[in-house]
file protein_23.txt (compact mmCIF, C-alpha atoms)
# COMPACT_ATOMS: atom_id res chain seq x y z
CA MET A 97 0.00 0.00 0.00
CA GLN A 98 1.43 3.37 -0.99
CA VAL A 99 0.13 6.52 0.69
CA GLU A 100 1.31 10.10 0.82
CA ILE A 101 2.16 11.60 4.19
CA VAL A 102 3.04 15.19 5.05
CA LEU A 103 5.70 16.21 7.55
CA ARG A 104 4.31 18.63 10.13
CA LYS A 105 5.87 20.92 12.70
CA PHE A 106 5.23 20.06 16.37
CA GLY A 107 6.93 22.79 18.40
CA ASN A 108 10.65 22.58 17.57
CA SER A 109 10.28 19.10 16.08
CA THR A 110 8.96 17.73 12.81
CA GLY A 111 6.74 14.67 12.77
CA ALA A 112 5.06 12.35 10.31
CA VAL A 113 1.44 11.30 10.72
CA PHE A 114 0.76 7.72 9.67
CA PRO A 115 -2.71 6.65 8.52
CA PRO A 116 -4.44 4.04 10.73
CA ALA A 117 -4.39 1.43 7.94
CA ILE A 118 -0.58 1.63 7.67
CA LEU A 119 -0.17 1.37 11.44
CA LYS A 120 -2.45 -1.65 11.50
CA ASP A 121 -0.54 -3.35 8.66
CA LEU A 122 2.75 -2.75 10.48
CA GLY A 123 1.41 -3.76 13.89
CA LEU A 124 2.33 -0.37 15.36
CA LYS A 125 0.51 2.02 17.65
CA ALA A 126 1.13 5.34 19.37
CA GLY A 127 3.88 5.15 21.99
CA VAL A 128 5.93 2.40 20.30
CA SER A 129 9.69 3.20 20.22
CA LEU A 130 11.35 2.85 16.82
CA THR A 131 14.88 3.16 15.52
CA MET A 132 15.33 4.97 12.23
CA ASP A 133 18.04 4.39 9.64
CA ALA A 134 18.57 5.92 6.21
CA THR A 135 19.97 3.93 3.30
CA ALA A 136 22.52 5.29 0.83
CA ASP A 137 19.76 5.68 -1.77
CA GLY A 138 17.65 7.87 0.56
CA LYS A 139 15.14 5.32 1.84
CA ILE A 140 14.10 5.40 5.49
CA MET A 141 13.92 2.21 7.52
CA LEU A 142 11.92 2.13 10.77
CA THR A 143 12.45 -0.80 13.12
CA PRO A 144 10.51 -1.38 16.35
CA LYS A 145 12.88 -1.18 19.31
CA ARG A 146 13.12 -4.56 21.00
CA ARG A 147 12.27 -4.73 24.68
CA TYR A 148 14.27 -7.42 26.45
CA LYS A 149 13.29 -9.37 29.53
CA LEU A 150 15.91 -9.94 32.21
CA ALA A 151 15.65 -13.71 31.74
CA GLU A 152 16.47 -13.33 28.01
CA LEU A 153 19.58 -11.29 28.79
CA ILE A 154 20.78 -13.69 31.49
CA ALA A 155 20.25 -16.63 29.12
CA GLN A 156 22.83 -15.06 26.77
CA CYS A 157 25.47 -14.91 29.51
CA ASN A 158 28.15 -17.51 30.10
CA LEU A 159 27.92 -17.88 33.87
CA LYS A 160 31.14 -19.93 33.91
CA ALA A 161 33.22 -17.26 32.14
CA PRO A 162 36.12 -15.88 34.21
CA HIS A 163 35.64 -12.46 35.81
CA PRO A 164 37.43 -9.55 34.08
CA ALA A 165 40.83 -8.74 35.60
CA ASP A 166 39.77 -5.31 36.84
CA MET A 167 36.81 -6.81 38.71
CA VAL A 168 39.07 -9.41 40.36
CA LEU A 169 41.28 -6.56 41.59
CA TRP A 170 38.24 -4.62 42.79
CA ASP A 171 36.95 -7.61 44.76
CA ALA A 172 40.39 -8.09 46.39
CA ALA A 173 40.83 -4.40 47.31
CA LYS A 174 40.99 -3.51 51.02
CA PRO A 175 38.75 -0.77 52.40
CA VAL A 176 40.49 2.63 52.50
CA GLY A 177 37.88 4.77 54.24
CA GLN A 178 34.94 4.06 56.49
CA GLU A 179 33.13 1.65 54.20
CA ALA A 180 30.73 -0.66 55.99
CA PHE A 181 31.08 -4.36 55.13

call {"tool": "encode", "arguments": {"input": "protein_23.txt", "output": "structure tokens"}}
result
Amino acid sequence: MQVEIVLRKFGNSTGAVFPPAILKDLGLKAGVSLTMDATADGKIMLTPKRRYKLAELIAQCNLKAPHPADMVLWDAAKPVGQEAF
């Protein structure tokens, strides 16, 4: 489906108003965060921003991986002030 949209000023910003049919076809609604990229030939690509769940992020981690060297040093550091442990 090809439709014409007009860019409009909203305060100091410029916005595009999408017809309801396009939003429905794309599965989008007001309030959805998108990332926008432009191709070398001038096309605009809008991608819904993915919302991760903590369990998904933890599942990507290697829990058996060694700690980074700076964190090992941090864990071994002695208190130098009045830190409560």

call {"tool": "residues_around", "arguments": {"input": "protein_23.txt", "residues": "Lys125 (chain A)", "least_positions_apart": "4", "cutoff": "10 Å", "atoms": "only C-alpha atoms", "output": "PyMOL selection string"}}
result
chain A and resi 114+116+119-120+129

call {"tool": "residues_near_point", "arguments": {"input": "protein_23.txt", "point": "(17.1, -0.2, 14.3)", "cutoff": "8 Å", "atoms": "all atoms listed in the file", "output": "short mmCIF file (atom, residue, chain, number, x, y, z; two decimals) with C-alpha atoms, keeping the file's coordinate frame"}}
result
data_model
loop_
_atom_site.label_atom_id
_atom_site.label_comp_id
_atom_site.auth_asym_id
_atom_site.auth_seq_id
_atom_site.Cartn_x
_atom_site.Cartn_y
_atom_site.Cartn_z
CA LEU A 130 11.35 2.85 16.82
CA THR A 131 14.88 3.16 15.52
CA MET A 132 15.33 4.97 12.23
CA ASP A 133 18.04 4.39 9.64
CA MET A 141 13.92 2.21 7.52
CA LEU A 142 11.92 2.13 10.77
CA THR A 143 12.45 -0.80 13.12
CA PRO A 144 10.51 -1.38 16.35
CA LYS A 145 12.88 -1.18 19.31
#

call {"tool": "atom_distance", "arguments": {"input": "protein_23.txt", "atom1": "CA of Val176 (chain A)", "atom2": "CA of Pro162 (chain A)"}}
result
26.4 Å

call {"tool": "atom_distance", "arguments": {"input": "protein_23.txt", "atom1": "CA of Val128 (chain A)", "atom2": "CA of Lys149 (chain A)"}}
result
16.7 Å

call {"tool": "atom_distance", "arguments": {"input": "protein_23.txt", "atom1": "CA of Asp121 (chain A)", "atom2": "CA of Glu152 (chain A)"}}
result
27.6 Å

call {"tool": "build_atoms", "arguments": {"input": "protein_23.txt", "residues": "region 118-147 of chain A", "atoms": "N, CA and C atoms", "output": "tab-separated table (two decimals), in the frame of the given file"}}
result
chain	number	residue	atom	x	y	z
A	118	ILE	N	-2.02	1.95	7.71
A	118	ILE	CA	-0.58	1.63	7.67
A	118	ILE	C	-0.12	1.12	9.03
A	119	LEU	N	-0.54	1.82	10.09
A	119	LEU	CA	-0.17	1.37	11.44
A	119	LEU	C	-0.67	-0.04	11.71
A	120	LYS	N	-1.88	-0.32	11.29
A	120	LYS	CA	-2.45	-1.65	11.50
A	120	LYS	C	-1.65	-2.70	10.74
A	121	ASP	N	-1.32	-2.41	9.47
A	121	ASP	CA	-0.54	-3.35	8.66
A	121	ASP	C	0.83	-3.63	9.27
A	122	LEU	N	1.43	-2.60	9.89
A	122	LEU	CA	2.75	-2.75	10.48
A	122	LEU	C	2.72	-3.25	11.92
A	123	GLY	N	1.53	-3.33	12.50
A	123	GLY	CA	1.41	-3.76	13.89
A	123	GLY	C	1.95	-2.73	14.86
A	124	LEU	N	1.82	-1.44	14.51
A	124	LEU	CA	2.33	-0.37	15.36
A	124	LEU	C	1.18	0.42	15.96
A	125	LYS	N	1.50	1.14	17.03
A	125	LYS	CA	0.51	2.02	17.65
A	125	LYS	C	1.26	3.17	18.31
A	126	ALA	N	0.52	4.18	18.71
A	126	ALA	CA	1.13	5.34	19.37
A	126	ALA	C	1.89	4.89	20.61
A	127	GLY	N	3.07	5.46	20.81
A	127	GLY	CA	3.88	5.15	21.99
A	127	GLY	C	4.94	4.10	21.76
A	128	VAL	N	4.93	3.42	20.60
A	128	VAL	CA	5.93	2.40	20.30
A	128	VAL	C	7.25	3.10	19.96
A	129	SER	N	8.37	2.64	20.53
A	129	SER	CA	9.69	3.20	20.22
A	129	SER	C	10.24	2.53	18.96
A	130	LEU	N	10.78	3.35	18.07
A	130	LEU	CA	11.35	2.85	16.82
A	130	LEU	C	12.77	3.37	16.67
A	131	THR	N	13.59	2.63	15.95
A	131	THR	CA	14.88	3.16	15.52
A	131	THR	C	14.76	3.48	14.04
A	132	MET	N	15.43	4.54	13.61
A	132	MET	CA	15.33	4.97	12.23
A	132	MET	C	16.71	4.98	11.60
A	133	ASP	N	16.81	4.40	10.42
A	133	ASP	CA	18.04	4.39	9.64
A	133	ASP	C	17.72	4.89	8.24
A	134	ALA	N	18.72	5.49	7.60
A	134	ALA	CA	18.57	5.92	6.21
A	134	ALA	C	19.56	5.13	5.37
A	135	THR	N	19.11	4.67	4.22
A	135	THR	CA	19.97	3.93	3.30
A	135	THR	C	20.70	4.91	2.40
A	136	ALA	N	21.73	4.43	1.72
A	136	ALA	CA	22.52	5.29	0.83
A	136	ALA	C	21.67	5.89	-0.29
A	137	ASP	N	20.61	5.17	-0.68
A	137	ASP	CA	19.76	5.68	-1.77
A	137	ASP	C	18.60	6.53	-1.26
A	138	GLY	N	18.63	6.94	0.03
A	138	GLY	CA	17.65	7.87	0.56
A	138	GLY	C	16.39	7.26	1.13
A	139	LYS	N	16.32	5.96	1.25
A	139	LYS	CA	15.14	5.32	1.84
A	139	LYS	C	15.27	5.33	3.36
A	140	ILE	N	14.14	5.40	4.03
A	140	ILE	CA	14.10	5.40	5.49
A	140	ILE	C	13.61	4.04	5.96
A	141	MET	N	14.32	3.48	6.94
A	141	MET	CA	13.92	2.21	7.52
A	141	MET	C	13.57	2.44	8.98
A	142	LEU	N	12.36	2.05	9.38
A	142	LEU	CA	11.92	2.13	10.77
A	142	LEU	C	11.83	0.73	11.34
A	143	THR	N	12.45	0.51	12.49
A	143	THR	CA	12.45	-0.80	13.12
A	143	THR	C	11.96	-0.66	14.55
A	144	PRO	N	10.95	-1.45	14.95
A	144	PRO	CA	10.51	-1.38	16.35
A	144	PRO	C	11.67	-1.73	17.28
A	145	LYS	N	11.82	-0.94	18.34
A	145	LYS	CA	12.88	-1.18	19.31
A	145	LYS	C	12.50	-2.38	20.16
A	146	ARG	N	13.40	-3.33	20.26
A	146	ARG	CA	13.12	-4.56	21.00
A	146	ARG	C	13.21	-4.32	22.49
A	147	ARG	N	12.26	-4.81	23.21
A	147	ARG	CA	12.27	-4.73	24.68
A	147	ARG	C	12.66	-6.11	25.20
